[in-house]
$ cat my_file.cif   # mmCIF, C-alpha atoms
data_structure
loop_
_atom_site.label_atom_id
_atom_site.label_comp_id
_atom_site.auth_asym_id
_atom_site.auth_seq_id
_atom_site.Cartn_x
_atom_site.Cartn_y
_atom_site.Cartn_z
CA MET A 1 12.88 85.75 83.91
CA GLY A 2 15.03 86.15 80.80
CA TRP A 3 16.85 83.48 78.84
CA LYS A 4 20.00 83.30 81.00
CA ASN A 5 18.86 80.32 83.09
CA PRO A 6 17.25 78.40 80.20
CA LEU A 7 20.47 78.82 78.18
CA LEU A 8 22.55 77.56 81.10
CA LEU A 9 20.24 74.55 81.35
CA LEU A 10 20.59 73.94 77.60
CA LEU A 11 24.38 74.10 77.97
CA SER A 12 24.25 71.50 80.73
CA ILE A 13 21.99 69.25 78.63
CA GLY A 14 24.22 69.69 75.56
CA LEU A 15 27.38 68.74 77.46
CA SER A 16 25.66 65.66 78.88
CA ASN A 17 24.28 64.59 75.48
CA ILE A 18 27.58 64.99 73.65
CA GLY A 19 29.31 63.06 76.41
CA ALA A 20 26.71 60.28 76.14
CA TRP A 21 27.45 59.76 72.43
CA ILE A 22 31.21 59.75 73.04
CA PHE A 23 30.69 57.28 75.89
CA LEU A 24 28.58 54.90 73.80
CA ILE A 25 30.99 54.73 70.87
CA ALA A 26 34.17 54.62 72.95
CA LEU A 27 32.88 51.94 75.34
CA ASN A 28 31.87 49.73 72.41
CA LEU A 29 35.40 49.94 71.02
CA ILE A 30 37.05 49.31 74.39
CA VAL A 31 34.98 46.15 74.99
CA LEU A 32 35.51 44.93 71.42
CA ASP A 33 39.27 45.58 71.49
CA GLU A 34 39.74 44.07 74.94
CA TRP A 35 37.54 40.97 74.65
CA GLY A 36 37.02 40.68 70.87
CA SER A 37 33.40 39.57 71.21
CA ALA A 38 30.37 41.00 69.42
CA LEU A 39 28.21 39.39 72.12
CA ALA A 40 30.11 41.28 74.81
CA VAL A 41 29.32 44.53 72.97
CA GLY A 42 25.68 43.50 72.51
CA ILE A 43 25.26 43.02 76.26
CA LEU A 44 26.11 46.72 76.72
CA TYR A 45 22.91 47.59 74.85
CA VAL A 46 20.84 45.34 77.13
CA LEU A 47 22.16 47.01 80.30
CA LYS A 48 20.38 50.33 79.68
CA PRO A 49 16.78 49.02 79.47
CA LEU A 50 17.50 46.58 82.32
CA ALA A 51 18.74 49.46 84.48
CA ALA A 52 15.58 51.38 83.64
CA LEU A 53 13.43 48.42 84.71
CA VAL A 54 15.27 48.14 88.04
CA THR A 55 15.26 51.88 88.69
CA ASN A 56 12.05 53.41 87.36
CA ALA A 57 9.74 51.66 89.81
CA TRP A 58 11.21 53.69 92.71
CA ALA A 59 13.04 56.59 91.04
CA GLY A 60 9.98 58.85 91.00
CA SER A 61 9.49 58.34 94.74
CA VAL A 62 12.97 59.76 95.30
CA VAL A 63 12.75 62.50 92.68
CA ASP A 64 9.48 63.96 93.96
CA ARG A 65 10.82 64.16 97.52
CA LEU A 66 14.32 65.53 96.90
CA ASN A 67 15.67 68.86 95.74
CA LYS A 68 15.86 68.38 91.96
CA ARG A 69 18.82 70.66 91.30
CA ARG A 70 20.95 69.06 94.01
CA LEU A 71 19.96 65.60 92.82
CA MET A 72 20.95 66.46 89.22
CA VAL A 73 24.34 67.76 90.36
CA PHE A 74 24.91 64.64 92.50
CA LEU A 75 24.01 62.33 89.61
CA ASP A 76 26.25 64.19 87.15
CA VAL A 77 29.26 64.12 89.48
CA SER A 78 28.66 60.48 90.50
CA ARG A 79 28.40 59.34 86.89
CA ALA A 80 31.51 61.35 86.00
CA VAL A 81 33.52 59.50 88.67
CA LEU A 82 32.20 56.08 87.65
CA VAL A 83 32.84 56.73 83.97
CA ALA A 84 36.40 57.90 84.72
CA VAL A 85 37.29 54.58 86.41
CA LEU A 86 36.06 52.40 83.52
CA PRO A 87 39.37 52.43 81.55
CA PHE A 88 41.15 51.02 84.63
CA ILE A 89 38.82 48.02 84.95
CA SER A 90 40.18 44.75 83.57
CA SER A 91 37.25 42.53 84.54
CA LEU A 92 34.34 42.39 82.09
CA PRO A 93 31.69 41.55 84.74
CA LEU A 94 32.91 44.46 86.89
CA MET A 95 32.77 46.78 83.87
CA TYR A 96 29.19 45.67 83.20
CA ALA A 97 28.34 46.37 86.85
CA VAL A 98 29.76 49.91 86.68
CA VAL A 99 27.99 50.63 83.37
CA PHE A 100 24.77 49.28 84.89
CA VAL A 101 25.05 51.72 87.83
CA VAL A 102 25.81 54.59 85.42
CA ASN A 103 22.65 53.71 83.48
CA MET A 104 20.68 53.59 86.74
CA GLY A 105 21.85 57.13 87.42
CA SER A 106 20.68 58.18 83.97
CA SER A 107 17.27 56.62 84.65
CA VAL A 108 16.90 58.74 87.79
CA PHE A 109 18.29 61.84 86.06
CA TYR A 110 15.58 61.95 83.37
CA PRO A 111 12.52 62.44 85.65
CA ALA A 112 14.53 64.79 87.88
CA SER A 113 15.57 66.98 84.94
CA MET A 114 12.10 66.95 83.38
CA THR A 115 10.54 68.10 86.66
CA TYR A 116 13.22 70.74 87.21
CA MET A 117 12.74 72.09 83.66
CA THR A 118 9.01 72.41 84.26
CA MET A 119 9.60 74.34 87.50
CA LEU A 120 12.33 76.57 86.05
CA ILE A 121 10.94 77.48 82.61
CA PRO A 122 7.90 79.81 82.53
CA LYS A 123 4.82 78.34 80.91
CA ASN A 124 4.91 80.72 77.95
CA LYS A 125 8.50 79.70 77.13
CA ARG A 126 8.30 75.93 77.55
CA GLN A 127 7.48 74.98 73.97
CA ARG A 128 10.26 77.19 72.59
CA PHE A 129 12.66 75.77 75.19
CA ASN A 130 11.71 72.19 74.27
CA ALA A 131 12.28 73.01 70.61
CA LEU A 132 15.74 74.35 71.47
CA ARG A 133 16.35 71.21 73.54
CA SER A 134 15.59 69.11 70.46
CA LEU A 135 18.03 71.26 68.52
CA VAL A 136 20.71 70.68 71.16
CA GLY A 137 19.97 66.96 71.07
CA SER A 138 20.30 66.79 67.30
CA GLY A 139 23.51 68.78 67.47
CA ALA A 140 24.86 66.30 70.01
CA PHE A 141 23.85 63.43 67.68
CA ILE A 142 26.17 64.90 65.04
CA VAL A 143 28.89 66.50 67.20
CA GLY A 144 29.28 63.60 69.64
CA PRO A 145 30.29 60.89 67.12
CA ALA A 146 32.42 63.45 65.23
CA VAL A 147 34.33 64.36 68.41
CA ALA A 148 34.69 60.66 69.25
CA GLY A 149 36.09 59.95 65.78
CA LEU A 150 38.58 62.80 66.11
CA LEU A 151 39.67 61.54 69.52
CA PHE A 152 40.23 58.05 68.11
CA ILE A 153 42.53 59.58 65.47
CA VAL A 154 44.63 61.65 67.87
CA GLY A 155 44.19 59.52 70.99
CA THR A 156 42.48 56.34 72.17
CA PRO A 157 38.97 55.22 73.20
CA GLU A 158 40.17 55.56 76.79
CA THR A 159 40.85 59.25 76.15
CA ALA A 160 37.29 59.61 74.86
CA ILE A 161 35.96 57.97 78.01
CA PHE A 162 37.85 60.46 80.19
CA LEU A 163 36.43 63.30 78.09
CA ASN A 164 32.93 61.95 78.72
CA GLY A 165 33.62 62.00 82.46
CA ALA A 166 34.84 65.60 82.15
CA ALA A 167 31.69 66.55 80.20
CA LEU A 168 29.46 65.10 82.93
CA LEU A 169 31.46 66.90 85.61
CA LEU A 170 31.22 70.19 83.71
CA SER A 171 27.48 69.62 83.25
CA GLY A 172 27.13 69.27 87.03
CA ILE A 173 29.13 72.46 87.61
CA VAL A 174 26.93 74.39 85.15
CA THR A 175 23.85 73.10 86.98
CA LEU A 176 25.20 74.60 90.20
CA PHE A 177 24.83 78.05 88.63
CA LEU A 178 21.12 77.47 88.03
CA PRO A 179 18.63 78.72 90.64
CA ASP A 180 17.21 76.49 93.34
CA VAL A 181 13.50 76.66 92.48
CA GLU A 182 12.21 74.67 95.46
CA GLU A 183 12.69 74.23 99.14
CA GLY A 184 14.85 71.15 99.09
CA ALA A 185 13.47 68.28 101.10
CA ALA A 186 16.46 66.10 101.91
CA GLU A 187 14.55 63.41 103.77
CA GLY A 188 13.02 61.55 100.80
CA ALA A 189 15.87 59.15 100.12
CA LYS A 190 16.27 58.22 103.80
CA LYS A 191 12.63 57.29 104.14
CA LEU A 192 12.39 55.25 100.94
CA SER A 193 10.61 51.99 101.70
CA LEU A 194 8.48 49.34 100.06
CA ASP A 195 5.34 50.83 101.63
CA MET A 196 6.22 54.24 100.20
CA ILE A 197 6.71 52.76 96.73
CA LYS A 198 3.37 50.95 96.96
CA GLU A 199 1.62 54.15 98.04
CA ASP A 200 3.26 56.09 95.21
CA LEU A 201 2.08 53.49 92.70
CA ARG A 202 -1.44 54.02 94.03
CA VAL A 203 -0.96 57.79 93.62
CA VAL A 204 0.03 57.27 89.97
CA ARG A 205 -2.94 54.97 89.43
CA ARG A 206 -5.39 57.50 90.93
CA PHE A 207 -3.85 60.31 88.92
CA SER A 208 -4.06 58.26 85.71
CA LEU A 209 -7.75 57.52 86.27
CA HIS A 210 -8.45 61.16 87.11
CA ARG A 211 -6.55 62.49 84.05
CA LEU A 212 -7.51 59.71 81.68
CA TYR A 213 -7.16 61.81 78.52
CA VAL A 214 -3.63 62.96 79.39
CA MET A 215 -2.42 59.52 80.38
CA MET A 216 -4.00 57.82 77.36
CA VAL A 217 -2.05 60.24 75.17
CA TYR A 218 1.05 59.47 77.24
CA PHE A 219 0.54 55.73 76.76
CA LEU A 220 -0.11 55.91 73.01
CA PHE A 221 2.95 58.11 72.46
CA SER A 222 5.02 55.67 74.53
CA CYS A 223 3.75 52.84 72.32
CA MET A 224 5.06 54.73 69.29
CA ILE A 225 8.46 55.09 70.98
CA VAL A 226 8.45 51.37 71.81
CA LEU A 227 7.76 50.47 68.18
CA THR A 228 10.48 52.81 66.89
CA ALA A 229 12.97 51.13 69.24
CA ALA A 230 11.88 47.66 68.14
CA VAL A 231 12.06 48.47 64.41
CA ASP A 232 15.37 50.29 64.89
CA SER A 233 16.85 47.11 66.38
CA LEU A 234 16.65 45.58 62.86
CA GLU A 235 17.79 48.76 61.11
CA ALA A 236 21.36 47.62 60.40
CA ALA A 237 20.29 44.10 59.37
CA PHE A 238 17.54 45.48 57.11
CA SER A 239 19.89 47.96 55.45
CA LYS A 240 22.70 45.47 54.86
CA GLU A 241 20.92 42.15 54.30
CA VAL A 242 17.68 43.26 52.63
CA LEU A 243 18.78 46.42 50.81
CA GLY A 244 22.34 45.20 50.26
CA PHE A 245 24.04 48.36 51.56
CA SER A 246 27.73 48.41 52.44
CA ASN A 247 28.94 49.67 55.82
CA SER A 248 29.80 53.06 54.30
CA THR A 249 26.40 53.36 52.58
CA TYR A 250 24.65 52.51 55.83
CA GLY A 251 26.81 55.16 57.51
CA TYR A 252 25.58 57.72 54.96
CA LEU A 253 22.00 56.72 55.79
CA VAL A 254 22.56 57.28 59.50
CA SER A 255 24.13 60.66 58.73
CA ILE A 256 21.07 61.60 56.68
CA ALA A 257 18.88 60.73 59.66
CA GLY A 258 20.98 63.01 61.87
CA ALA A 259 20.75 65.83 59.34
CA GLY A 260 16.99 65.32 59.07
CA TYR A 261 16.56 65.57 62.83
CA LEU A 262 18.73 68.68 62.91
CA ALA A 263 16.68 70.29 60.11
CA GLY A 264 13.43 69.40 61.90
CA ALA A 265 14.70 70.84 65.16
CA MET A 266 15.73 74.08 63.43
CA VAL A 267 12.31 74.51 61.80
CA ASN A 268 10.73 73.56 65.10
CA THR A 269 12.43 76.43 66.93
CA VAL A 270 10.95 78.88 64.40
CA ILE A 271 7.34 77.67 64.63
CA ALA A 272 7.37 76.50 68.26
CA ASN A 273 5.24 79.35 69.61
CA LYS A 274 2.88 79.35 66.62
CA VAL A 275 1.60 75.76 66.74
CA ARG A 276 -0.15 74.10 69.68
CA ASP A 277 1.65 71.27 71.42
CA VAL A 278 -1.17 68.80 70.63
CA LYS A 279 -0.91 69.45 66.89
CA LEU A 280 2.88 69.16 67.00
CA PHE A 281 2.94 65.65 68.46
CA ALA A 282 -0.27 64.48 66.75
CA PHE A 283 0.80 65.25 63.19
CA GLY A 284 4.48 64.74 63.97
CA SER A 285 3.83 61.18 65.18
CA VAL A 286 1.88 60.30 62.03
CA ALA A 287 4.72 61.68 59.90
CA VAL A 288 7.23 59.58 61.89
CA SER A 289 5.29 56.40 61.15
CA ALA A 290 4.94 57.45 57.49
CA GLY A 291 8.74 57.73 57.31
CA TYR A 292 9.11 54.21 58.72
CA MET A 293 6.56 52.92 56.19
CA VAL A 294 8.52 54.44 53.29
CA TYR A 295 11.73 52.94 54.68
CA SER A 296 10.17 49.51 55.17
CA VAL A 297 9.02 49.21 51.53
CA SER A 298 12.11 50.84 50.00
CA GLY A 299 14.14 48.98 47.44
CA GLY A 300 17.16 51.23 47.18
CA PHE A 301 19.16 54.02 48.76
CA MET A 302 17.02 56.94 47.56
CA ALA A 303 13.73 55.64 48.95
CA ALA A 304 15.40 54.59 52.22
CA ALA A 305 17.00 58.04 52.54
CA ILE A 306 13.61 59.73 51.97
CA GLY A 307 12.05 57.55 54.67
CA PHE A 308 14.89 58.24 57.12
CA SER A 309 14.76 61.98 56.42
CA LEU A 310 11.01 62.13 56.96
CA LEU A 311 10.94 60.14 60.20
CA SER A 312 13.87 61.98 61.76
CA PHE A 313 12.59 65.38 60.62
CA ALA A 314 9.14 64.70 62.11
CA LEU A 315 10.50 63.21 65.34
CA ALA A 316 11.76 66.64 66.46
CA PHE A 317 8.21 68.04 66.26
CA ALA A 318 6.61 65.01 67.90
CA GLN A 319 9.00 65.00 70.87
CA THR A 320 8.80 68.75 71.45
CA GLY A 321 5.00 68.74 71.35
CA PHE A 322 4.77 65.74 73.66
CA ASP A 323 7.24 67.13 76.22
CA THR A 324 5.33 70.42 76.36
CA PHE A 325 2.02 68.56 76.60
CA ILE A 326 2.99 66.59 79.72
CA GLN A 327 4.77 69.55 81.33
CA GLU A 328 1.59 71.60 81.16
CA ARG A 329 -0.79 68.83 82.25
CA ILE A 330 1.05 66.85 84.92
CA PRO A 331 1.66 68.72 88.22
CA VAL A 332 5.31 68.90 89.27
CA GLU A 333 4.36 67.36 92.61
CA VAL A 334 3.78 63.98 90.95
CA MET A 335 5.66 64.38 87.66
CA GLY A 336 8.65 62.33 88.82
CA ARG A 337 6.51 59.40 89.94
CA VAL A 338 4.26 59.47 86.88
CA SER A 339 7.13 59.67 84.38
CA SER A 340 9.10 56.97 86.21
CA VAL A 341 6.22 54.48 86.38
CA TYR A 342 5.26 55.02 82.75
CA GLY A 343 8.97 54.88 81.89
CA TRP A 344 9.12 51.47 83.59
CA VAL A 345 6.20 50.24 81.49
CA GLU A 346 7.83 51.66 78.35
CA GLY A 347 11.15 49.97 79.16
CA PHE A 348 9.44 46.62 79.71
CA LEU A 349 7.56 46.96 76.42
CA VAL A 350 10.77 47.92 74.57
CA ILE A 351 12.49 44.74 75.72
CA ALA A 352 9.43 42.58 74.93
CA ALA A 353 8.87 44.18 71.51
CA THR A 354 12.57 43.94 70.59
CA ILE A 355 12.67 40.24 71.47
CA LEU A 356 9.40 39.64 69.61
CA ILE A 357 10.46 41.45 66.46
CA GLY A 358 13.86 39.74 66.54
CA ALA A 359 12.22 36.32 66.81
CA GLY A 360 9.79 37.27 64.03
CA ALA A 361 12.70 38.13 61.76
CA GLN A 362 14.07 34.63 62.29
CA VAL A 363 10.76 32.90 61.60
CA LEU A 364 9.49 35.10 58.77
CA SER A 365 11.79 37.62 57.11
CA ILE A 366 13.38 40.92 58.09
CA ARG A 367 11.44 42.76 55.35
CA HIS A 368 8.05 41.44 56.50
CA VAL A 369 8.73 42.06 60.18
CA VAL A 370 9.96 45.65 59.61
CA ALA A 371 6.96 46.35 57.38
CA GLY A 372 4.60 44.82 59.94
CA GLY A 373 6.12 46.83 62.79
CA SER A 374 5.85 50.01 60.73
CA LEU A 375 2.21 49.24 59.90
CA ILE A 376 1.36 48.74 63.58
CA MET A 377 3.16 52.01 64.36
CA ALA A 378 1.07 53.79 61.72
CA ALA A 379 -2.13 52.46 63.28
CA VAL A 380 -1.03 53.60 66.76
CA THR A 381 -0.06 57.10 65.59
CA VAL A 382 -3.27 57.58 63.61
CA LEU A 383 -5.22 56.59 66.73
CA LEU A 384 -3.08 58.99 68.78
CA CYS A 385 -3.71 61.81 66.30
CA ILE A 386 -7.48 61.30 66.14
CA TYR A 387 -7.88 60.81 69.90
CA SER A 388 -5.69 63.73 70.97
CA LEU A 389 -7.12 66.25 68.49
CA SER A 390 -10.76 65.26 68.94
CA ARG A 391 -10.62 65.57 72.72
CA ALA A 392 -8.08 68.40 73.08
CA GLU A 393 -10.67 71.16 73.49
CA GLU A 394 -12.97 68.98 75.56
CA LYS A 395 -10.20 68.23 78.05
CA GLN A 396 -8.67 71.70 78.23
CA ALA A 397 -9.95 72.03 81.82
CA GLU A 398 -7.97 68.94 82.83
CA ARG A 399 -4.65 70.78 82.63
CA ALA A 400 -2.68 70.73 85.84
CA ALA A 401 -2.81 73.83 87.99
CA ILE A 402 0.54 75.20 86.86
CA GLU A 403 0.54 78.98 86.81
CA PRO A 404 2.92 80.96 84.59
CA ARG A 405 5.90 82.35 86.40
#
$ encode --input "my_file.cif" --output "structure tokens"
Amino acid sequence: MGWKNPLLLLLSIGLSNIGAWIFLIALNLIVLDEWGSALAVGILYVLKPLAALVTNAWAGSVVDRLNKRRLMVFLDVSRAVLVAVLPFISSLPLMYAVVFVVNMGSSVFYPASMTYMTMLIPKNKRQRFNALRSLVGSGAFIVGPAVAGLLFIVGTPETAIFLNGAALLLSGIVTLFLPDVEEGAAEGAKKLSLDMIKEDLRVVRRFSLHRLYVMMVYFLFSCMIVLTAAVDSLEAAFSKEVLGFSNSTYGYLVSIAGAGYLAGAMVNTVIANKVRDVKLFAFGSVAVSAGYMVYSVSGGFMAAAIGFSLLSFALAFAQTGFDTFIQERIPVEVMGRVSSVYGWVEGFLVIAATILIGAGAQVLSIRHVVAGGSLIMAAVTVLLCIYSLSRAEEKQAERAAIEPR
């Protein structure tokens, strides 16, 4: 297989990612303009992890039993329709309900797309593909807000919302041109039951005990992601209240982070096939935590910018290495269930850690809490690095039986 199908898949992912950024910014403005409440906007950010908690416990049971390509197309088209009706909704609770369902669809889409990627992309091309996927993601991080800003100048936030719906629809159409890599079992959703979910949880538990090295790495990396989310929740407050940055200066800092991720993704695509996945996420994770440490002790813009650049630059390597690691060690037959269950745990921990770090900032100080969170992250990533590298060769035989296509 050449690069035609992987490039089509990257196009679909890019359209979806750009649309997601436009959606996030535009929806915030619509809610703020319509109801004039910062709390109303804040609730939007709670809906995504809540949707993940509701969905991830059973999403893998559906994903592993349905045709992944058809499911991805259905989710793209369904989300496009739901997003397109948002500007016509005048009730805030109803808008929250629609956004919640959209986020549920996104929670199902992730394990479906991850499994489909693993089945579509040959083993010898996965790491390069994941590096390109990071590059597409970083491009969307920059292009999405830029497109949204342009639309706000020439149009309205509602126009941006419609464009997001169109992007999701186009993403679904592009997916239709991708090959069907499995014999689609269409019975999974009809047979979904509590007993099935319980049995699937037991399957994940048995798999985790059997592949202890792989799942310990998965858990430690998820802990790093949880801590980044928790520390990031205080990012704006830390920058403005502790460092004394203005809104424009903070905007520059965010732009630097986007540029750092883009630079890391570009370098990543060059070295992707030359460095093992374990080394990519092991050293990349440590560098991410080092960036947060620099940021947490910074006293001015330059030090904060260095910290942001380092953590965002390294995150591209860490994510690419980790994605390749799990794709090569978790069989596609259970990948949806495993990623969904561990995603549920990660979502629960994100909510708990965010609440904890927010409460800590009230009791202690933002500086101390951010520094403490960064220190814990450093300890987790050092443990991840030592554990994964020391046992990588020993556990080579534990890789899932996934033959190159």
$ closest_residue --input "my_file.cif" --among "A:Ser248, A:Ala40, A:Gly105, A:Gly264" --to "A:Leu82" --atoms "only C-alpha atoms"
A:Gly105
$ resolve_selection --input "my_file.cif" --expression "the PyMOL selection byres ((chain A and resi 160) around 7)" --output "VMD selection string"
chain A and resid 22 26 148 151 156 to 159 161 to 164
$ resolve_selection --input "my_file.cif" --expression "the PyMOL selection byres ((chain A and resi 60) around 7)" --output "list of chain:residue names"
A:Asn56, A:Trp58, A:Ala59, A:Ser61, A:Val62, A:Val63, A:Asp64, A:Pro111, A:Gly336, A:Arg337, A:Ser340
$ write_last_selection --input "my_file.cif" --atoms "C-alpha atoms" --output "PDB file, in the coordinates of the input"
ATOM      1  CA  ASN A  56      12.050  53.410  87.360  1.00  0.00           C
ATOM      2  CA  TRP A  58      11.210  53.690  92.710  1.00  0.00           C
ATOM      3  CA  ALA A  59      13.040  56.590  91.040  1.00  0.00           C
ATOM      4  CA  SER A  61       9.490  58.340  94.740  1.00  0.00           C
ATOM      5  CA  VAL A  62      12.970  59.760  95.300  1.00  0.00           C
ATOM      6  CA  VAL A  63      12.750  62.500  92.680  1.00  0.00           C
ATOM      7  CA  ASP A  64       9.480  63.960  93.960  1.00  0.00           C
ATOM      8  CA  PRO A 111      12.520  62.440  85.650  1.00  0.00           C
ATOM      9  CA  GLY A 336       8.650  62.330  88.820  1.00  0.00           C
ATOM     10  CA  ARG A 337       6.510  59.400  89.940  1.00  0.00           C
ATOM     11  CA  SER A 340       9.100  56.970  86.210  1.00  0.00           C
TER      12      SER A 340
END
$ resolve_selection --input "my_file.cif" --expression "the PyMOL selection byres ((chain A and resi 100) around 12)" --output "ChimeraX atom specification"
/A:43-55,79,82-83,86,93-99,101-107
$ residues_around --input "my_file.cif" --residues "A:Ile355" --least-positions-apart "2" --cutoff "12 Å" --atoms "only C-alpha atoms" --output "JSON, numbers by chain"
{"A": [46, 226, 227, 229, 230, 231, 233, 234, 348, 349, 350, 351, 352, 353, 357, 358, 359, 360, 361, 362]}
$ closest_residue --input "my_file.cif" --among "A:Ile326, A:Ala304, A:Ala316, A:Ile225" --to "A:Ala378" --atoms "all atoms listed in the file"
A:Ile225
$ atom_distance --input "my_file.cif" --atom1 "atom CA of A:Phe88" --atom2 "atom CA of A:Val73"
24.4 Å
$ atom_distance --input "my_file.cif" --atom1 "atom CA of A:Thr269" --atom2 "atom CA of A:Glu333"
28.4 Å
$ closest_residue --input "my_file.cif" --among "A:Leu169, A:Arg329, A:Val242, A:Phe281" --to "A:Met215" --atoms "only C-alpha atoms"
A:Arg329
$ residues_around --input "my_file.cif" --residues "stretch 128-131 of chain A" --least-positions-apart "2" --cutoff "9 Å" --atoms "all atoms listed in the file" --output "list in words"
Pro6, Leu7, Leu10, Ile121, Asn124, Lys125, Arg126, Arg133, Ser134, Leu135, Val136, Ala265, Met266, Val267, Asn268, Thr269, Val270, Ile271, Ala272, Asn273, Ala316, Phe317, Gln319, Thr320, Gly321, Asp323 and Thr324 of chain A
$ atom_distance --input "my_file.cif" --atom1 "atom CA of A:Val254" --atom2 "atom CA of A:Met224"
20.2 Å
$ residues_around --input "my_file.cif" --residues "A:Phe308" --least-positions-apart "2" --cutoff "8 Å" --atoms "only C-alpha atoms" --output "list in words"
Leu253, Ile256, Ala257, Gly260, Gly291, Tyr292, Tyr295, Ala304, Ala305, Ile306, Leu310, Leu311 and Ser312 of chain A
